[in-house]
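Notes follow the structure.
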Amino acid sequence: MSVVGRRDFLRRSAMAAAAASASSLIPDLVFGAEVTGLWSDGQAVDWRRTPCRFCGVGCGLLVGIENGRAVAVRGDPDSSVNRGLACVKGYHSVQALYGRDRITRAQVRRNGRLVNVPLSEALDLVARRLRETVDAHGADSVAIYGSGQWTIPDGYAASKLFKGGIGTNNVEANARLCMSSAVTGFQSTFGLDEPMGCYDDIDHADVFVLWGNNMAETHPVLFSRMLEERRRRPDVQIVDLATRTTRTSYGADRTLLFAPQADLAIANAICHEIVRNDWVDHAFVEHHVAFKRGRTDLGYGLDEDAPAFREDPRDASWEDYVEFLNDYRPERVEEISGLSASDIRWLASLYGDPSRRVMSLWCMGVNQHTRGTWMNNLIYNIHLLVGKIATPGNSPFSLTGQPSACGTVREVGTLTHGLPGGTVTDPEHRRMAAEIWGVPAENIPSEPTHHTISMFRALDEGDIRFMWIQVTNPMVSLPDVGRYRAAVEKDDRFLVVSDVYPTPTTAVADVVLPAAMWIEREGLFGNSERRTQYFSQMVEPPGEAMSDTWQIIEVARRLGYGELFPASEETHVEEIWNEYVRFHDSPEHRMAPLELLKELPGVLWPYVDGHEVRWRYNTETDPAADPEHGEYDFYGHPDHRAWIWIRPYEPPPEWPDDEYPFWLNTGRVLEHWHTGSMTRRIPTLYQALSRAYVELHPGDADALGVRDRERVRLVSRRGSVEVQARVDYRARPSPGQVFMPFFDQDRLVNELTLDAYCPISGQPDYKKCAVRVERLRR
């Protein structure tokens, strides 16, 4: 068998990528056999289509298969997402399949050590312990914690087993940590989740406002498309609204820096200026908008005895809203935010200019926020006031960070309150789920149980005693992770982990199940723009590795729920998809048939009468929108209106003080993805950036006596970590702030973070807590 070495792999991948890129620019150019289908030794390469395994952009890739191995990657020129381009992670993605420490055997903890056992024995143990826990402590003593990296079949099988079979709503996913505020923002403003626009908006927008989003590193392909639009149309402007200077700032036309948490006040100040200057689209507001007030006594999720939050929307008027905005004059907001009143007015003028099409984009800076739902509402308020929504180039657009946070978590409903196409609190949704699943409706509990942080607190307190974790690494990704590590290590807790590599989470597991990764199995993802993407199995998984879907089905059958999953291993993906789409059989959310998804590099939903809906709620483009309501029909709410919410500025739960004088911010970097368990095993990416660091402002570094590359200790009220300091390395935090990425399991920034969260969404705030910086001896 021919084995392609790393150097040859990189050479061939680079040539293939260059060929694909050049072919898109010069269509008539013909390349030699080596980069178009044959290697130089004459062996045929089978190029197969797949979405990328990493972030939520959903770039289309072509993977070269030779002798049963993935040997090359190039961007798919037929994909409307990336048009043949990929980022450094995408180009090297298949190397993540072949790390030397890949988990290929099941492991069970015996006498304090994980030992290899046959997979069937491990699955028997999982089923037995799950059943024993339910029998002894009730259905709500067990839980499954998945991921926005779950495929759609994975998440569907998990929800069907736990909610429909076992009878517990203890189903959560790590997407709670990254986009649940986007969900509650969409639902509270529009009555339905997910964007009204799509990536085509980039081709039409005149202004891009990036709300706390370092897209150059976290969504580089979309940022490249924005840069290309500015090259093509020089009047296009990119505005970086951020708390630190980043690589995105270097590519932006203007960077506006503000104090952490002050984005709430800035958004209201923009609305104040729109109203004061009469830039309001009065006809749009009159016909398509309602005004609402909500609760303001939210807390920050730190009172563990507080009851679950429930919103109480109350009607408000235009006059109420205008009076509310009077507290957000730019001069007052300048005092809160540090952003000048003139910059606030300038930014408002971009939104208010009727000749400019404006696209707002955000991700974790807005969503990982103790008032994340409010921030989503406030950005929508801006667009609704000026009527710049649901038309090409006018788009408030919430991005995601995982390949199927939308497709699996949001659309399948793998959160405690969710069902495919609905919520557990709605009797009609429970009835439909019971009918499709073939279970009694009373099997599905009518109330949510725990969101992610609450679930791990329940594990700590003993209310949950069995947890199955798939496709995620919470012992690196949870805030205040030291607390939750201690919880899973308790003797009367049983932890099952399905993963592809050893991680700090597998290290504390009682059972480790070897998982098939990405193209080693068949599946579907759903990206940030409502695009469903299919991929086939291209290579065999190593050893006894098995897809997460089939692991769930094997356990379900051992538990006596085999009738819920009658399909064979060969046909289960198709049969699950055909069952799942019954939940979305309406013009508002109809999905494409699997046969079409196999042919194309993704299809947007709603897919109605053979056509994708690119702009929802617009009666010219969306068949579900009723023209009787005018040009727009926001059909998610009973009143067919979008709701402008009155949401005030409120301070964060923790501020810098004399003992902890710095703000700490966390996030991603270009080279690595999430906790680094895959990308740190890709040699090129590891060599480019092998360890985490902390960024200091030069003035702060001088005051502390810290030089570039010296080691420091970061200390918060929860923990400490030693790390290398960098000064003017690749970005610059503002004075009084530090930044540390979270990809490095050996330097855990989440030992420091606070587990405060947005009480509406349950999403933690990773972007601000108080720390001190201690210089270590040279």
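Every chain in the structure tokens has a letter given in the order shown (A, B, ...), and although residue numbers restart at 1 in each chain, ligands are simply numbered from 1 in the order shown.
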(message) Going by DSSP on the backbone, which residues of stretch 145-309 of chain A come out as strand (DSSP E or B)? List them as a list in words.
(response)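 Checking each residue of stretch 145-309 of chain A, the strand (DSSP E or B) ones are Tyr145, Gly146, Val171, Glu172, Ala173, Val207, Phe208, Val209, Leu210, Trp211, Gln237, Ile238, Val239, Asp240, Leu241, Ala242, Arg244, Thr245, Arg254, Thr255, Leu256, Leu257, Val289, Ala290, Phe291, Lys292 and Arg293 of chain A.
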(request) Please provide the set of residues having any atom within 9 Å of A:Val439, restricted to only C-alpha atoms, with same-chain residues fewer than 4 positions apart removed, written as a VMD selection string. (result) chain A and resid 164 to 165 433 to 435 443 to 444 564
Go ahead and save the residues from that selection, with N, CA, C and O atoms, as an mmCIF file, in the first residue's frame.
data_model
loop_
_atom_site.group_PDB
_atom_site.id
_atom_site.type_symbol
_atom_site.label_atom_id
_atom_site.label_comp_id
_atom_site.auth_asym_id
_atom_site.auth_seq_id
_atom_site.Cartn_x
_atom_site.Cartn_y
_atom_site.Cartn_z
ATOM 1 N N GLY A 164 -37.454 10.646 24.315
ATOM 2 C CA GLY A 164 -38.559 9.798 23.929
ATOM 3 C C GLY A 164 -38.548 8.435 24.575
ATOM 4 O O GLY A 164 -39.605 7.850 24.820
ATOM 5 N N GLY A 165 -37.353 7.904 24.848
ATOM 6 C CA GLY A 165 -37.250 6.565 25.418
ATOM 7 C C GLY A 165 -37.113 6.590 26.927
ATOM 8 O O GLY A 165 -38.011 6.180 27.663
ATOM 9 N N ALA A 433 -43.860 14.950 18.333
ATOM 10 C CA ALA A 433 -42.663 14.147 18.557
ATOM 11 C C ALA A 433 -43.025 12.728 18.946
ATOM 12 O O ALA A 433 -42.439 11.749 18.445
ATOM 13 N N ALA A 434 -43.998 12.575 19.830
ATOM 14 C CA ALA A 434 -44.413 11.236 20.258
ATOM 15 C C ALA A 434 -44.955 10.434 19.079
ATOM 16 O O ALA A 434 -44.668 9.232 18.944
ATOM 17 N N GLU A 435 -45.722 11.082 18.213
ATOM 18 C CA GLU A 435 -46.282 10.388 17.052
ATOM 19 C C GLU A 435 -45.197 9.932 16.098
ATOM 20 O O GLU A 435 -45.198 8.785 15.616
ATOM 21 N N ASN A 443 -44.266 10.115 27.749
ATOM 22 C CA ASN A 443 -42.842 9.807 27.901
ATOM 23 C C ASN A 443 -41.982 11.058 27.904
ATOM 24 O O ASN A 443 -40.907 11.089 28.504
ATOM 25 N N ILE A 444 -42.425 12.079 27.183
ATOM 26 C CA ILE A 444 -41.623 13.288 26.996
ATOM 27 C C ILE A 444 -42.015 14.287 28.082
ATOM 28 O O ILE A 444 -43.130 14.808 28.070
ATOM 29 N N LEU A 564 -37.083 1.908 18.706
ATOM 30 C CA LEU A 564 -36.920 3.309 18.309
ATOM 31 C C LEU A 564 -35.922 3.455 17.163
ATOM 32 O O LEU A 564 -35.929 4.481 16.474
#
(message) For a test of reading the model, state the distance in Å between atom CA of A:His369 and atom CA of A:Ala269, rounded to one decimal.
(response) 18.9 Å
(request) Give the helix (DSSP H, G or I) residues of stretch 468-665 of chain A, as DSSP finds them on the backbone, and put them as a VMD selection string. (result) chain A and resid 474 to 477 481 to 488 506 to 508 518 to 520 548 to 559 562 to 564 572 to 584 594 to 599 627 to 629
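Using only C-alpha atoms for every distance, the candidate list A:Tyr686, A:Tyr98, A:Phe565, A:Trp211 yields A:Trp211 as the residue closest to A:Met359.
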(request) Can you pull out every residue within 8 Å of A:Ala516, counting only C-alpha atoms, but drop anything in the same chain fewer than 5 positions away, and send it as a PyMOL selection string? (result) chain A and resi 500+521+541-542+545-548
(message) Can you tell me which residues surround A:Thr425 at a distance of at most 7 Å, considering only C-alpha atoms, apart from same-chain residues fewer than 2 positions away, and format the answer as JSON, numbers by chain?
(response) {"A": [423, 427, 446, 447]}
